[in-house]
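Chemist: Quick one: the structure is below, questions incoming.
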Amino acid sequence: MNGPFVSWSSGQRLLLGVALLIAGAVMLVAAAGIAWRAVQRWLAVGELRAAHAQLHRGRLDEARRLAAAAAERLPREPSAQLLALDPADPQAGERLRALASACERANDRHAVLATLGLLQALAGRAVDAPLEGTGDARLLAAIRAAHGERMASWRLVAGEDPPQRQVLLAAHTVLLRQALRLRSRDDVRLHAGALLLLDPGHPRAALLRPLLLALSPAAADEELVRAVAEAREESEALARTIAALVPERRAALTARWPGLAEQTP
Amino acid sequence: MIVCQACGHRNPLRTRYCHACGVRLEANLREIAVAVEEDREAQMAERWLERGRSLFLLGAFFLTCALVLRYAVVPELPPAVMPPIAAGPLLPPAASAP
C-alpha cells in the first residue's frame, strides 16, 4: 500500500493516514451496527419459527409470548408484529393500519389487511381494509351477512388470492352458529366438517364431532350420547342444540339428560 | 535531510558523504536542526499512515464479515401469519333458538 505514496510529502502522508483512520473507524462502527442488527434478526427468526410451531400445537399464549419477544427485537417487521398482536386491544386497528403501510412484501400486507378486516367484520363494522380481488373479501362479506335470517354463503373465484386460514376458520365458525340457529342441517354438516378438516385439533372438536355424528344416519344413538357426554360442562347445551336440530335424536338425548324435555321446544 | 553542498542531493541524517556525488557533507547547526525536524515529521507521518492503514483494513474486514452475516447467513424472516382471532361461541345462545 506504500507503493503509490512513496513520492508523497510527509504532510500528504499524514493526511492520508488520518483519512484512512477515520474511514476505518466509520467502517468499524457500521460493521458493529450491521452485525448487531443481524444477530437480533437471527434471534427473532428463531423465536418466530418457535412461535409458529407453538401455534400449530395450539399453544396460543406461548406463541404470542415468543412473537412478542421477536417483535421487540424487530419493531418494524410485520411478521413479528402481527403474531404478537392482541386482537382484544382497542388500539389493534390503528396498529394494523400502520403495519400495513410499512409492509414490504405483498403477502405480509395481505395478512395484515385480512386481520384488520376480520376484526372489523366480527365487530359488526364495515370492512374498509382494501382486500378487493381476494377470497378474504368474500368471506368477510359472508361473516357480516351471517346475522340475518337467510343462510349466508360465499363462492371462491378462480384467479383470486386464496383466503387466509384464520379468516376461513372464523367464517366457518360464524356460519356454523347461524346454521345451528336456523336449524339448517346441510349447512351444519358443511361448516362443522370444514372446521374439523381445516383444524383437526380444533379446540372445540368435542362439540364439532357430536354435531356431525348426530347428522350421520350410520351413527347409533349410544355412540352419539357418549360423544356428547365427552363435551363435559357443555354437554347439556350441546345436547339441547342437537335435540333442536335433529328431533329424531331427542329421545336418546333426553334419556341421558332429562332436563332437555322441558327446555327443548 | 542533509542537502549536499555540491550536487544538491537530499541525504538522510547520519550521512557523512553524499549518496549521489560522494562529496563530504558539510552541514551547519541550523541545517541539522531543520533536517532533524523534517525527519521527525516524516516518521510521525509514517506512523499515522501505518495506523490508518491498519484500522482501514480492520474496518473493511469486519464490515465484510457483518454484511456476509446479515445477507448470507441470517435466514429470511418467515411470512406474516394471522393471529388466531376468536369468532365467538360455537353454539348459538339457547334464547335465540327459533
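Each chain of the C-alpha cells is named A, B, ... in the order shown, its residues numbered from 1; ligands are numbered from 1 in display order.
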Could you list, as a PyMOL selection string, every residue within 7 Å of B:Gly59, counting only C-alpha atoms and ignoring same-chain residues fewer than 4 positions away?
Modeler: (chain A and resi 24-25+27-28) or (chain B and resi 55+63)
Chemist: Could you work out which residues of chain B fall inside 9 Å of chain A? Count only C-alpha atoms, and format the result as a short mmCIF file (atom, residue, chain, number, x, y, z; two decimals) with C-alpha atoms, in the first residue's frame.
Modeler:
```
data_model
loop_
_atom_site.label_atom_id
_atom_site.label_comp_id
_atom_site.auth_asym_id
_atom_site.auth_seq_id
_atom_site.Cartn_x
_atom_site.Cartn_y
_atom_site.Cartn_z
CA GLU B 38 11.87 17.06 8.89
CA GLU B 41 7.73 14.80 10.87
CA ALA B 42 8.37 12.10 8.29
CA GLN B 43 8.46 9.43 11.00
CA MET B 44 5.27 10.74 12.55
CA ALA B 45 3.54 10.78 9.15
CA GLU B 46 4.72 7.23 8.57
CA ARG B 47 3.30 6.13 11.93
CA TRP B 48 -0.06 7.75 11.21
CA LEU B 49 -0.16 6.21 7.75
CA GLU B 50 0.59 2.81 9.27
CA ARG B 51 -2.14 3.24 11.92
CA GLY B 52 -4.64 4.46 9.35
CA ARG B 53 -3.88 1.58 7.02
CA SER B 54 -4.27 -0.97 9.84
CA LEU B 55 -7.57 0.44 11.05
CA PHE B 56 -8.87 0.74 7.47
CA LEU B 57 -8.08 -2.91 6.74
CA LEU B 58 -9.60 -3.98 10.07
CA GLY B 59 -12.75 -1.95 9.35
CA ALA B 60 -13.04 -3.35 5.83
CA PHE B 61 -12.63 -6.90 7.15
CA PHE B 62 -15.27 -6.52 9.86
CA LEU B 63 -17.65 -4.70 7.53
CA THR B 64 -17.38 -7.54 5.02
CA CYS B 65 -17.98 -10.09 7.78
CA ALA B 66 -21.01 -8.14 9.04
CA LEU B 67 -22.50 -7.89 5.54
CA LEU B 69 -23.58 -12.36 8.27
CA ARG B 70 -26.58 -10.15 7.52
CA TYR B 71 -27.26 -11.10 3.90
CA VAL B 73 -26.00 -16.30 6.90
CA VAL B 74 -29.09 -14.95 8.68
CA PRO B 75 -32.19 -16.71 7.25
CA GLU B 76 -35.18 -14.82 5.85
CA LEU B 77 -37.99 -13.98 8.23
CA PRO B 78 -40.98 -16.32 7.91
CA PRO B 79 -44.04 -14.79 6.24
CA ALA B 80 -46.57 -12.95 8.38
CA VAL B 81 -49.21 -15.23 9.86
CA MET B 82 -52.56 -14.03 11.15
CA PRO B 83 -53.02 -14.46 14.89
CA PRO B 84 -55.95 -16.68 15.91
CA ILE B 85 -58.99 -14.48 16.39
CA ALA B 86 -61.92 -15.80 18.40
CA ALA B 87 -65.11 -15.73 16.33
CA GLY B 88 -67.39 -16.13 19.33
CA PRO B 89 -69.03 -19.23 20.80
CA LEU B 90 -69.65 -22.24 18.58
CA LEU B 91 -73.15 -22.95 19.84
CA PRO B 92 -75.83 -20.27 19.48
CA PRO B 93 -77.31 -18.91 22.72
CA ALA B 94 -80.27 -21.02 23.84
CA SER B 96 -82.04 -17.31 20.16
CA ALA B 97 -83.20 -20.74 19.03
CA PRO B 98 -86.22 -20.33 16.76
#
```
Chemist: Among chain B, which residues carry a DSSP assignment of strand (DSSP E or B), reported as a compact mmCIF listing (two decimals) with C-alpha atoms, in the first residue's frame?
Modeler:
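What follows is the written file result-v6.txt:
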```txt
# COMPACT_ATOMS: atom_id res chain seq x y z
CA ILE B 2 21.11 16.97 4.68
CA VAL B 3 21.40 18.74 1.35
CA ARG B 10 18.98 15.24 -0.20
CA ASN B 11 20.74 12.73 2.02
CA TYR B 17 29.29 11.52 2.33
CA ARG B 24 31.96 15.01 2.24
```
Chemist: Do you know which residues are at most 10 Å from B:Pro12 counting only C-alpha atoms, after dropping those on the same chain fewer than 5 positions away, and could you put them as a short mmCIF file (atom, residue, chain, number, x, y, z; two decimals) with C-alpha atoms, in the first residue's frame?
Modeler:
```
data_model
loop_
_atom_site.label_atom_id
_atom_site.label_comp_id
_atom_site.auth_asym_id
_atom_site.auth_seq_id
_atom_site.Cartn_x
_atom_site.Cartn_y
_atom_site.Cartn_z
CA MET B 1 17.70 15.50 5.40
CA ILE B 2 21.11 16.97 4.68
CA VAL B 3 21.40 18.74 1.35
CA CYS B 18 26.74 12.41 -0.33
CA HIS B 19 24.97 9.34 -1.67
CA ALA B 35 16.83 18.11 8.99
CA VAL B 36 16.05 16.61 12.39
CA ASP B 39 12.92 13.57 9.86
#
```
